[in-house]
$ cat work.cif   # mmCIF, C-alpha atoms and all ligand atoms
data_my_file
#
loop_
_atom_site.label_atom_id
_atom_site.label_comp_id
_atom_site.auth_asym_id
_atom_site.auth_seq_id
_atom_site.Cartn_x
_atom_site.Cartn_y
_atom_site.Cartn_z
CA MET A 1 59.39 -69.51 17.29
CA ASP A 2 58.77 -73.22 17.62
CA PRO A 3 58.50 -74.69 14.10
CA LEU A 4 56.14 -77.27 15.53
CA HIS A 5 53.48 -74.56 15.92
CA ASN A 6 54.19 -72.80 12.62
CA PRO A 7 50.71 -72.07 11.21
CA PHE A 8 51.75 -71.25 7.64
CA SER A 9 51.38 -73.76 4.83
CA PRO A 10 53.32 -73.04 1.65
CA GLY A 11 52.65 -75.77 -0.92
CA ALA A 12 50.49 -76.51 -3.95
CA GLY A 13 46.94 -77.03 -2.76
CA SER A 14 47.82 -76.76 0.97
CA PRO A 15 44.93 -75.11 2.76
CA PRO A 16 46.05 -71.79 4.27
CA PRO A 17 45.46 -71.08 7.96
CA GLU A 18 43.39 -68.04 6.90
CA LEU A 19 41.66 -68.02 3.50
CA ALA A 20 41.87 -64.27 3.02
CA GLY A 21 40.20 -62.07 0.43
CA ARG A 22 38.02 -64.68 -1.27
CA ALA A 23 34.67 -64.00 0.40
CA GLN A 24 33.13 -62.58 -2.74
CA ILE A 25 33.97 -65.57 -4.93
CA LEU A 26 32.79 -67.96 -2.23
CA GLU A 27 29.49 -66.10 -2.08
CA GLN A 28 29.22 -66.36 -5.87
CA ALA A 29 29.86 -70.10 -5.57
CA ARG A 30 27.25 -70.47 -2.84
CA ILE A 31 24.62 -68.79 -5.02
CA THR A 32 25.56 -70.82 -8.09
CA LEU A 33 25.38 -74.09 -6.17
CA GLY A 34 22.06 -73.19 -4.59
CA ARG A 35 20.44 -72.12 -7.84
CA ILE A 36 21.54 -75.12 -9.88
CA LYS A 37 20.48 -77.55 -7.18
CA ALA A 38 17.04 -75.89 -7.21
CA GLY A 39 16.80 -76.33 -10.99
CA ARG A 40 17.21 -72.60 -11.71
CA PRO A 41 19.36 -71.37 -14.58
CA GLU A 42 22.86 -70.34 -13.58
CA ARG A 43 26.26 -70.22 -15.21
CA SER A 44 28.93 -72.62 -13.98
CA LEU A 45 32.12 -71.20 -12.46
CA LEU A 46 35.59 -71.35 -13.96
CA LEU A 47 38.23 -69.73 -11.73
CA VAL A 48 41.20 -68.29 -13.56
CA GLY A 49 44.51 -66.98 -12.29
CA LEU A 50 48.28 -67.40 -12.27
CA ARG A 51 50.11 -70.17 -10.43
CA GLY A 52 50.01 -69.89 -6.67
CA VAL A 53 47.05 -67.51 -6.35
CA GLY A 54 44.96 -70.14 -4.59
CA LYS A 55 42.76 -71.75 -7.25
CA THR A 56 43.15 -75.32 -6.00
CA VAL A 57 42.60 -74.30 -2.40
CA LEU A 58 39.44 -72.47 -3.40
CA LEU A 59 38.19 -75.42 -5.46
CA ASN A 60 38.57 -77.60 -2.39
CA ARG A 61 36.67 -75.08 -0.30
CA ILE A 62 33.88 -74.96 -2.90
CA ARG A 63 33.79 -78.73 -2.92
CA GLU A 64 33.10 -78.63 0.83
CA LEU A 65 30.36 -76.05 0.28
CA ALA A 66 28.89 -78.28 -2.41
CA GLU A 67 28.88 -81.30 -0.09
CA GLN A 68 27.26 -79.28 2.68
CA SER A 69 24.49 -78.28 0.33
CA GLY A 70 23.78 -81.84 -0.72
CA TYR A 71 25.90 -82.24 -3.84
CA LYS A 72 27.86 -85.33 -4.75
CA PRO A 73 31.26 -84.00 -5.80
CA VAL A 74 33.52 -85.47 -8.46
CA PHE A 75 37.03 -84.00 -8.29
CA ILE A 76 39.61 -84.49 -11.02
CA GLU A 77 42.80 -82.77 -12.10
CA ALA A 78 43.48 -82.53 -15.83
CA HIS A 79 46.91 -83.65 -17.05
CA GLU A 80 48.89 -82.90 -20.14
CA GLY A 81 49.31 -86.57 -20.86
CA LYS A 82 46.05 -88.19 -19.80
CA PRO A 83 42.78 -88.16 -21.74
CA LEU A 84 39.78 -86.59 -20.04
CA ALA A 85 37.72 -89.74 -20.58
CA ALA A 86 40.26 -91.79 -18.63
CA LEU A 87 40.18 -89.27 -15.78
CA LEU A 88 36.39 -89.09 -15.65
CA LEU A 89 35.46 -92.74 -15.95
CA PRO A 90 36.55 -94.05 -12.52
CA PRO A 91 34.91 -91.32 -10.38
CA LEU A 92 31.74 -91.30 -12.49
CA ARG A 93 31.48 -95.04 -12.15
CA GLN A 94 31.90 -94.70 -8.40
CA LEU A 95 29.24 -92.01 -8.28
CA LEU A 96 26.69 -93.93 -10.32
CA ILE A 97 27.24 -97.08 -8.32
CA GLY A 98 26.60 -94.98 -5.22
CA LEU A 99 23.38 -93.60 -6.70
CA ASP A 100 22.31 -97.07 -7.74
CA ARG A 101 22.83 -98.42 -4.23
CA MET A 102 20.64 -95.81 -2.56
CA ALA A 103 17.54 -97.22 -0.81
CA ASN A 104 15.11 -98.07 -3.62
CA ILE A 105 15.69 -99.14 -7.20
CA SER A 106 16.31 -96.33 -9.65
CA GLU A 107 16.00 -97.14 -13.33
CA LYS A 108 17.77 -93.84 -14.09
CA ALA A 109 20.85 -94.74 -12.06
CA LYS A 110 20.98 -98.16 -13.73
CA ARG A 111 20.68 -96.51 -17.10
CA GLY A 112 23.48 -94.10 -16.12
CA LEU A 113 25.73 -97.08 -15.53
CA ARG A 114 24.77 -98.67 -18.83
CA VAL A 115 25.50 -95.40 -20.67
CA LEU A 116 28.83 -95.12 -18.90
CA LYS A 117 29.64 -98.65 -19.99
CA SER A 118 28.81 -97.74 -23.59
CA PHE A 119 30.96 -94.65 -23.32
CA PHE A 120 33.79 -96.78 -22.08
CA ASN A 121 33.37 -99.15 -25.01
CA GLY A 122 33.46 -96.15 -27.34
CA VAL A 123 36.74 -94.76 -26.03
CA LYS A 124 38.42 -98.04 -25.13
CA LEU A 125 39.91 -98.47 -28.58
CA LYS A 126 41.41 -95.00 -28.55
CA TYR A 127 42.93 -95.23 -25.09
CA GLN A 128 43.73 -98.86 -24.73
CA ASP A 129 45.11 -98.65 -21.26
CA ILE A 130 41.89 -97.64 -19.50
CA GLU A 131 40.06 -100.18 -17.46
CA ILE A 132 36.63 -100.06 -15.94
CA GLY A 133 34.85 -102.73 -14.01
CA ILE A 134 31.15 -102.21 -14.54
CA ASP A 135 29.29 -105.45 -14.39
CA ILE A 136 26.35 -104.34 -16.48
CA ASP A 137 25.34 -104.49 -20.13
CA PRO A 138 26.00 -101.35 -22.15
CA GLU A 139 23.27 -99.19 -23.68
CA PRO A 140 24.04 -99.74 -27.34
CA GLY A 141 23.87 -96.69 -29.57
CA VAL A 142 24.23 -94.22 -26.70
CA ALA A 143 27.56 -92.54 -25.93
CA ASP A 144 29.51 -95.09 -27.96
CA SER A 145 29.92 -93.32 -31.30
CA GLY A 146 33.57 -92.52 -30.61
CA ASP A 147 32.85 -88.82 -31.14
CA LEU A 148 33.72 -87.24 -27.81
CA GLU A 149 31.38 -84.26 -28.19
CA SER A 150 28.24 -86.28 -28.56
CA ASP A 151 29.31 -89.12 -26.31
CA LEU A 152 30.26 -86.94 -23.36
CA SER A 153 26.97 -85.07 -23.67
CA ALA A 154 25.09 -88.37 -23.55
CA VAL A 155 27.00 -89.41 -20.42
CA PHE A 156 26.37 -86.08 -18.68
CA LEU A 157 22.67 -86.18 -19.52
CA ALA A 158 22.32 -89.70 -18.16
CA LEU A 159 24.23 -88.62 -15.07
CA GLY A 160 22.08 -85.54 -14.60
CA GLU A 161 18.91 -87.57 -14.95
CA ALA A 162 20.11 -90.13 -12.44
CA ALA A 163 20.97 -87.36 -9.97
CA ALA A 164 17.62 -85.63 -10.47
CA ASP A 165 15.85 -88.95 -9.98
CA ARG A 166 17.67 -89.41 -6.68
CA GLY A 167 16.89 -85.87 -5.56
CA THR A 168 20.57 -85.00 -5.48
CA ALA A 169 22.96 -82.88 -7.54
CA ILE A 170 26.43 -83.38 -8.97
CA ALA A 171 29.36 -80.98 -8.76
CA LEU A 172 32.02 -81.73 -11.35
CA ILE A 173 35.16 -80.08 -10.11
CA ILE A 174 38.08 -79.98 -12.54
CA ASP A 175 41.46 -78.41 -11.78
CA GLU A 176 44.10 -77.39 -14.35
CA LEU A 177 41.50 -77.13 -17.12
CA GLN A 178 43.98 -75.46 -19.48
CA TYR A 179 45.56 -78.89 -20.00
CA LEU A 180 42.50 -80.29 -21.80
CA SER A 181 42.88 -80.71 -25.54
CA GLU A 182 40.74 -78.50 -27.73
CA GLU A 183 38.51 -81.47 -28.53
CA GLU A 184 38.06 -82.27 -24.85
CA LEU A 185 37.31 -78.70 -23.86
CA SER A 186 34.78 -78.46 -26.70
CA ALA A 187 33.13 -81.66 -25.59
CA LEU A 188 32.99 -80.52 -21.98
CA ILE A 189 31.44 -77.18 -22.88
CA MET A 190 28.96 -78.82 -25.19
CA ALA A 191 27.97 -81.33 -22.51
CA MET A 192 27.41 -78.51 -20.00
CA HIS A 193 25.35 -76.72 -22.63
CA GLN A 194 23.05 -79.74 -22.90
CA ILE A 195 22.81 -79.92 -19.11
CA ALA A 196 21.93 -76.23 -18.88
CA GLN A 197 19.22 -76.51 -21.54
CA ARG A 198 17.50 -79.24 -19.57
CA GLN A 199 18.23 -77.59 -16.23
CA LEU A 200 19.59 -80.81 -14.81
CA PRO A 201 21.32 -80.62 -11.41
CA VAL A 202 24.93 -80.75 -12.60
CA VAL A 203 27.36 -77.89 -12.04
CA LEU A 204 30.90 -77.54 -13.36
CA ILE A 205 33.38 -75.80 -11.09
CA GLY A 206 36.72 -75.51 -12.79
CA ALA A 207 40.02 -73.74 -12.47
CA GLY A 208 42.85 -72.96 -14.82
CA LEU A 209 45.50 -70.54 -15.98
CA PRO A 210 44.33 -67.27 -17.56
CA GLN A 211 44.46 -68.65 -21.12
CA LEU A 212 41.42 -70.75 -20.21
CA VAL A 213 39.07 -67.89 -21.04
CA ALA A 214 40.35 -67.60 -24.60
CA LEU A 215 40.62 -71.38 -25.02
CA SER A 216 36.97 -71.82 -24.04
CA GLY A 217 35.80 -69.06 -26.36
CA ARG A 218 37.71 -70.59 -29.21
CA ALA A 219 36.36 -74.07 -28.49
CA LYS A 220 32.74 -72.89 -28.38
CA SER A 221 31.66 -69.33 -28.99
CA TYR A 222 28.76 -69.65 -26.56
CA ALA A 223 31.09 -70.54 -23.67
CA GLU A 224 30.79 -67.06 -22.19
CA ARG A 225 27.03 -67.43 -21.85
CA LEU A 226 27.54 -70.72 -20.03
CA PHE A 227 30.33 -69.84 -17.61
CA GLN A 228 31.38 -67.11 -15.25
CA PHE A 229 35.14 -66.62 -15.11
CA PRO A 230 35.98 -65.10 -11.72
CA GLU A 231 39.58 -63.90 -11.70
CA LEU A 232 41.87 -64.68 -8.80
CA GLY A 233 44.75 -62.30 -8.36
CA PRO A 234 47.19 -61.32 -5.65
CA LEU A 235 45.56 -60.28 -2.37
CA GLN A 236 44.85 -56.63 -1.61
CA PRO A 237 47.16 -55.26 1.12
CA ASP A 238 44.49 -55.54 3.86
CA ASP A 239 43.71 -59.13 2.94
CA ALA A 240 47.39 -60.01 2.63
CA ALA A 241 47.98 -58.53 6.10
CA ALA A 242 45.08 -60.59 7.48
CA ALA A 243 46.47 -63.75 5.82
CA LEU A 244 49.67 -63.24 7.84
CA GLN A 245 48.45 -61.69 11.06
CA GLU A 246 45.32 -63.74 11.86
CA PRO A 247 47.09 -67.11 12.07
CA VAL A 248 49.81 -65.84 14.41
CA ILE A 249 47.48 -63.82 16.65
CA GLU A 250 45.75 -67.07 17.45
CA GLN A 251 48.97 -68.04 19.20
CA GLN A 252 49.43 -64.67 20.94
CA ILE A 253 52.14 -63.63 18.48
CA ARG A 254 52.02 -60.66 16.10
CA PHE A 255 53.90 -59.04 13.23
CA THR A 256 54.74 -55.32 13.46
CA ASP A 257 53.14 -53.17 10.77
CA GLU A 258 56.54 -52.57 9.25
CA ALA A 259 57.20 -56.31 9.08
CA LEU A 260 53.85 -56.90 7.38
CA GLY A 261 54.55 -54.09 4.93
CA GLU A 262 57.90 -55.62 4.02
CA ILE A 263 56.40 -59.08 3.38
CA ILE A 264 53.66 -57.59 1.24
CA ARG A 265 56.22 -55.61 -0.74
CA GLN A 266 58.40 -58.66 -1.35
CA THR A 267 55.55 -61.02 -2.21
CA GLN A 268 53.38 -58.51 -4.07
CA GLY A 269 50.49 -60.11 -2.20
CA TYR A 270 50.71 -63.47 -4.02
CA PRO A 271 49.21 -66.09 -1.71
CA TYR A 272 51.84 -68.77 -2.22
CA PHE A 273 54.62 -66.33 -1.39
CA LEU A 274 52.76 -64.95 1.63
CA GLN A 275 52.70 -68.46 3.06
CA GLU A 276 56.37 -68.98 2.29
CA TRP A 277 57.48 -65.69 3.87
CA GLY A 278 55.21 -66.17 6.86
CA TYR A 279 56.59 -69.66 7.34
CA GLN A 280 60.24 -68.58 7.27
CA ALA A 281 59.67 -65.49 9.40
CA TRP A 282 57.96 -67.58 12.07
CA ASN A 283 60.85 -70.04 12.23
CA LEU A 284 63.46 -67.28 12.41
CA ALA A 285 61.74 -65.05 14.97
CA ALA A 286 62.96 -65.28 18.56
CA GLN A 287 60.07 -63.32 20.07
CA SER A 288 56.88 -61.41 19.46
CA PRO A 289 56.33 -58.99 17.80
CA ILE A 290 58.03 -60.28 14.65
CA GLU A 291 60.10 -57.34 13.39
CA VAL A 292 61.14 -56.19 9.95
CA ASP A 293 64.75 -57.37 10.30
CA VAL A 294 63.50 -60.91 10.82
CA VAL A 295 61.49 -60.52 7.63
CA ARG A 296 64.59 -59.40 5.74
CA GLN A 297 66.33 -62.58 6.79
CA ALA A 298 63.22 -64.54 5.89
CA THR A 299 63.37 -63.05 2.40
CA GLN A 300 66.71 -64.73 1.80
CA ASP A 301 65.53 -68.10 3.07
CA SER A 302 62.23 -67.85 1.18
CA ILE A 303 63.90 -67.08 -2.11
CA ARG A 304 66.37 -69.89 -1.61
CA ARG A 305 63.53 -72.32 -0.93
CA LEU A 306 61.41 -71.14 -3.83
CA ASP A 307 64.39 -71.39 -6.16
CA ALA A 308 65.00 -74.95 -5.04
CA ASN A 309 61.36 -76.06 -5.30
CA PHE A 310 58.49 -73.96 -6.63
CA PHE A 311 60.46 -72.33 -9.45
CA ARG A 312 62.94 -75.15 -9.99
CA VAL A 313 60.40 -77.88 -10.79
CA ARG A 314 59.05 -75.72 -13.59
CA PHE A 315 62.49 -74.75 -14.89
CA ASP A 316 63.51 -78.41 -15.11
CA ARG A 317 60.66 -79.19 -17.50
CA MET A 318 62.03 -76.79 -20.12
CA THR A 319 64.27 -77.47 -23.10
CA PRO A 320 67.38 -75.29 -23.50
CA ARG A 321 65.72 -73.20 -26.21
CA GLU A 322 62.62 -72.70 -24.09
CA LYS A 323 64.83 -71.53 -21.25
CA GLU A 324 66.48 -69.04 -23.56
CA TYR A 325 63.09 -67.73 -24.62
CA LEU A 326 62.01 -67.28 -21.00
CA ARG A 327 65.31 -65.61 -20.16
CA ALA A 328 64.72 -63.09 -22.95
CA LEU A 329 61.19 -62.45 -21.66
CA ALA A 330 62.64 -61.90 -18.17
CA ASP A 331 65.06 -59.35 -19.58
CA LEU A 332 62.23 -57.22 -20.85
CA GLY A 333 61.05 -56.64 -17.29
CA GLU A 334 57.78 -57.24 -15.46
CA GLY A 335 54.40 -57.54 -17.13
CA HIS A 336 53.58 -58.72 -20.63
CA HIS A 337 55.57 -58.16 -23.78
CA ARG A 338 55.10 -58.29 -27.54
CA SER A 339 56.25 -61.53 -29.12
CA GLY A 340 58.16 -59.41 -31.61
CA ASP A 341 60.16 -57.76 -28.84
CA ILE A 342 61.07 -61.12 -27.33
CA ALA A 343 62.22 -62.43 -30.70
CA GLU A 344 64.22 -59.28 -31.27
CA ARG A 345 65.86 -59.70 -27.90
CA LEU A 346 66.86 -63.21 -29.03
CA GLY A 347 68.08 -61.83 -32.33
CA VAL A 348 65.74 -64.03 -34.38
CA LYS A 349 62.56 -63.72 -36.44
CA VAL A 350 59.21 -63.97 -34.65
CA GLN A 351 58.09 -66.92 -36.81
CA SER A 352 61.16 -68.96 -35.94
CA VAL A 353 60.37 -68.88 -32.21
CA ALA A 354 56.59 -69.26 -32.55
CA PRO A 355 56.78 -73.04 -31.95
CA ILE A 356 58.80 -72.46 -28.77
CA ARG A 357 56.25 -69.97 -27.53
CA ASN A 358 53.45 -72.43 -28.31
CA SER A 359 55.09 -75.23 -26.44
CA LEU A 360 55.68 -72.93 -23.45
CA ILE A 361 51.98 -72.06 -23.50
CA LYS A 362 51.10 -75.76 -23.61
CA LYS A 363 53.38 -76.43 -20.67
CA GLY A 364 51.59 -73.67 -18.79
CA MET A 365 54.73 -71.51 -18.41
CA VAL A 366 53.53 -68.45 -20.31
CA TYR A 367 50.17 -67.21 -21.53
CA SER A 368 48.86 -64.61 -23.85
CA PRO A 369 47.03 -61.81 -22.02
CA ALA A 370 46.20 -60.21 -25.37
CA HIS A 371 46.85 -61.18 -28.96
CA GLY A 372 50.58 -61.27 -29.67
CA ASP A 373 51.49 -60.62 -26.04
CA THR A 374 53.32 -63.01 -23.75
CA ALA A 375 53.60 -63.09 -19.97
CA PHE A 376 54.74 -65.54 -17.29
CA THR A 377 52.06 -67.66 -15.61
CA VAL A 378 54.18 -67.85 -12.46
CA PRO A 379 54.51 -64.58 -10.54
CA LEU A 380 58.12 -63.44 -9.99
CA PHE A 381 59.39 -66.08 -12.42
CA GLY A 382 61.32 -63.45 -14.37
CA ASP A 383 63.47 -62.67 -11.34
CA PHE A 384 64.11 -66.38 -10.87
CA MET A 385 65.23 -66.73 -14.50
CA LYS A 386 67.74 -63.96 -13.96
CA ARG A 387 69.07 -65.65 -10.83
CA ILE A 388 69.39 -69.09 -12.39
CA MET A 389 70.74 -67.88 -15.74
CA PRO A 390 72.77 -64.84 -14.72
CA GLN A 391 74.60 -64.73 -18.03
CA ASN A 392 72.03 -63.61 -20.49
CA SER A 393 72.53 -66.11 -23.26
CA ALA A 394 70.20 -64.20 -25.56
CA ARG A 395 71.83 -64.39 -28.95
CA LYS A 396 71.53 -60.73 -29.71
CA THR A 397 74.53 -59.87 -27.57
CA ASP A 398 76.88 -62.56 -28.79
CA LYS A 399 75.68 -62.93 -32.34
CA SER A 400 78.63 -63.06 -34.63
CA PRO A 401 78.31 -61.09 -37.87
CA SER A 402 77.23 -63.32 -40.71
N1 LIG A 501 43.24 -66.73 0.07
C1 LIG A 501 44.44 -67.15 0.52
N2 LIG A 501 45.01 -66.57 1.61
C2 LIG A 501 46.20 -67.00 2.04
N3 LIG A 501 46.91 -67.99 1.49
C3 LIG A 501 46.40 -68.60 0.41
C4 LIG A 501 45.13 -68.21 -0.12
N4 LIG A 501 44.86 -68.99 -1.19
C5 LIG A 501 45.91 -69.83 -1.33
N5 LIG A 501 46.83 -69.62 -0.38
C6 LIG A 501 48.11 -70.35 -0.26
O1 LIG A 501 48.76 -70.23 -1.52
C7 LIG A 501 49.42 -71.44 -1.89
C8 LIG A 501 49.00 -71.84 -3.29
O2 LIG A 501 47.64 -72.22 -3.35
P1 LIG A 501 47.08 -73.12 -4.56
O3 LIG A 501 45.64 -73.30 -4.32
O4 LIG A 501 47.92 -74.32 -4.72
O5 LIG A 501 47.31 -72.12 -5.80
P2 LIG A 501 47.04 -72.41 -7.36
O6 LIG A 501 46.18 -73.63 -7.45
O7 LIG A 501 46.37 -71.18 -7.87
O8 LIG A 501 48.39 -72.61 -7.99
C9 LIG A 501 49.11 -72.44 -0.79
O9 LIG A 501 50.25 -72.51 0.05
C10 LIG A 501 47.94 -71.83 -0.04
O10 LIG A 501 47.97 -72.16 1.33
MG MG A 502 46.51 -75.40 -8.45
#
$ encode --input "work.cif" --output "structure tokens"
Amino acid sequence: MDPLHNPFSPGAGSPPPELAGRAQILEQARITLGRIKAGRPERSLLLVGLRGVGKTVLLNRIRELAEQSGYKPVFIEAHEGKPLAALLLPPLRQLLIGLDRMANISEKAKRGLRVLKSFFNGVKLKYQDIEIGIDIDPEPGVADSGDLESDLSAVFLALGEAAADRGTAIALIIDELQYLSEEELSALIMAMHQIAQRQLPVVLIGAGLPQLVALSGRAKSYAERLFQFPELGPLQPDDAAAALQEPVIEQQIRFTDEALGEIIRQTQGYPYFLQEWGYQAWNLAAQSPIEVDVVRQATQDSIRRLDANFFRVRFDRMTPREKEYLRALADLGEGHHRSGDIAERLGVKVQSVAPIRNSLIKKGMVYSPAHGDTAFTVPLFGDFMKRIMPQNSARKTDKSPS
């Protein structure tokens, strides 16, 4: 089929042609947005799930919903290396300037800008490379203590008051939340707590890897009363079939049931992989319907492409010892495994590999579904590890007697 008309869109954050199986979470988001805008109590939303399940795509969709219902959205993506304050300052400045410029004078919006300026002065010393051009005097004594918890709360409150004064609402949308430091996550939760107590029109819509739930609970025990954590997983077979079939039917093409079944089996219903397989199958197919033998060929091409991109970029960020650890985890098979079993597989003591496991968690490669358990954050990563490191270099097998 002509690649020019290929409807599928494999890629981080690429909107799919058919956003399948997420109606329930979108409805939850619609209700949350509506209630908070109306000043009613409601918990913010933090989406959790593995890589490639569609968190970023859904955040973008929710951002559109928010805009349609009169919110001003602020979208940021947390980084391992960049402080939250540095990420937040530019869009918040933009937002407050926007609020300040609306028709009539708003003392609250002006104050918001002054508080933001103070906040900037407070963090400037810590993160010397941030810049902010706000041509206004700071509000001394507010948000400039240098203590992120209290300062961020002060900024959010000023922001919420400015929004309320303007009859609007703010949606703070933050992707990759698991990359925040413990201090930052604490400060963010605390700030949202203050917002909720005053029922100001600010909602937090976030997304992150599954460890986010535990990280939030550890940062602030009341996090669970403040947030809902909808889980995004692989698509159910019917939804996965719709994700593949709907986009091609629009162009008078279809997959046979057997072909769909084979893609779903290979991809286990993971959205990223559905897009990849759909994409390759479309390009390979000579006619409609797209048959199972085309899918089998597509499997080879898909795996080759994933190995060269999606999996590879993650593999390249690992040290040799981290790779060995992941290879041992892969050897134990699908699902999650006891840290003790992984260490045993490597022929070492659990304590000696604990730092490696921690750094893999920080890098977002593995997570802990339950205490002492470890699992990949990227679906099918174990199979990739076996392909790229076919010789199991786990020390157990080649350990010389000592
Ligand atoms: N509900 C869905 N149905 C079909 N494809 C989807 C769906 N959600 C996401 N995708 C596809 O999956 C891929 C990964 O989405 P992304 O939002 O980047 O995942 P995550 O942020 O969880 O890693 C993209 O190619 C996207 O088009
Ligand atoms: Mg993402």
$ residues_near_ligand --input "work.cif" --ligand "ligand MG 502 (chain A)" --cutoff "6 Å" --atoms "only C-alpha atoms and all ligand atoms" --output "list in words"
Gly13, Lys55 and Thr56 of chain A
$ closest_residue --input "work.cif" --among "A:Leu226, A:Val57, A:Ile136, A:Leu26" --to "ligand LIG 501 (chain A)" --atoms "all atoms listed in the file"
A:Val57
$ atom_distance --input "work.cif" --atom1 "CA of Ile342 (chain A)" --atom2 "CA of Ala370 (chain A)"
15.0 Å
$ closest_atom_pairs --input "work.cif" --of "region 204-280 of chain A" --to "region 159-174 of chain A" --cutoff "10 Å" --atoms "all atoms listed in the file" --output "CSV"
residue,atom,partner,partner_atom,distance
A:Leu204,CA,A:Leu172,CA,4.8
A:Ile205,CA,A:Ile173,CA,4.7
A:Gly206,CA,A:Ile174,CA,4.7
A:Ala207,CA,A:Ile174,CA,6.5
A:Gly208,CA,A:Ile174,CA,8.8
$ residues_around --input "work.cif" --residues "Gln199 (chain A)" --least-positions-apart "6" --cutoff "10 Å" --atoms "all atoms listed in the file" --output "list in words"
Ile36, Lys37, Ala38, Gly39, Arg40, Pro41, Glu42, Gly160, Ala164, Met192 and His193 of chain A
$ residues_around --input "work.cif" --residues "region 143-149 of chain A" --least-positions-apart "3" --cutoff "9 Å" --atoms "only C-alpha atoms" --output "list of chain:residue names"
A:Ala85, A:Val115, A:Leu116, A:Lys117, A:Ser118, A:Phe119, A:Phe120, A:Asn121, A:Gly122, A:Val123, A:Leu125, A:Lys126, A:Glu139, A:Pro140, A:Leu152, A:Ser153, A:Ala154, A:Val155, A:Glu183, A:Glu184, A:Ser186, A:Ala187, A:Leu188, A:Ile189, A:Met190, A:Ala191
$ closest_residue --input "work.cif" --among "A:Leu113, A:Val378, A:Val294, A:Ala78" --to "ligand LIG 501 (chain A)" --atoms "all atoms listed in the file"
A:Val378
$ residues_near_ligand --input "work.cif" --ligand "ligand LIG 501 (chain A)" --cutoff "6 Å" --atoms "only C-alpha atoms and all ligand atoms" --output "count of residues only"
24
$ closest_residue --input "work.cif" --among "A:Glu276, A:Asp100, A:Asp257, A:Glu322" --to "Asn358 (chain A)" --atoms "only C-alpha atoms"
A:Glu322
$ atom_distance --input "work.cif" --atom1 "CA of His336 (chain A)" --atom2 "CA of Thr267 (chain A)"
18.7 Å
$ closest_atom_pairs --input "work.cif" --of "region 339-386 of chain A" --to "region 307-310 of chain A" --cutoff "10 Å" --atoms "all atoms listed in the file" --output "JSON lines"
{"residue": "A:Val378", "atom": "CA", "partner": "A:Phe310", "partner_atom": "CA", "distance": 9.5}
{"residue": "A:Phe381", "atom": "CA", "partner": "A:Asp307", "partner_atom": "CA", "distance": 9.6}
{"residue": "A:Phe384", "atom": "CA", "partner": "A:Asp307", "partner_atom": "CA", "distance": 6.9}
{"residue": "A:Met385", "atom": "CA", "partner": "A:Asp307", "partner_atom": "CA", "distance": 9.6}
$ atom_distance --input "work.cif" --atom1 "CA of Leu47 (chain A)" --atom2 "CA of Ala354 (chain A)"
27.8 Å
$ closest_residue --input "work.cif" --among "A:Ile253, A:Arg345, A:Arg111, A:Tyr71" --to "His5 (chain A)" --atoms "only C-alpha atoms"
A:Ile253
$ residues_around --input "work.cif" --residues "Ala330 (chain A)" --least-positions-apart "4" --cutoff "9 Å" --atoms "only C-alpha atoms" --output "VMD selection string"
chain A and resid 325 to 326 334 376 381 to 386
$ closest_residue --input "work.cif" --among "A:Met365, A:Ala285, A:Ala343, A:Ile134" --to "Val313 (chain A)" --atoms "all atoms listed in the file"
A:Met365
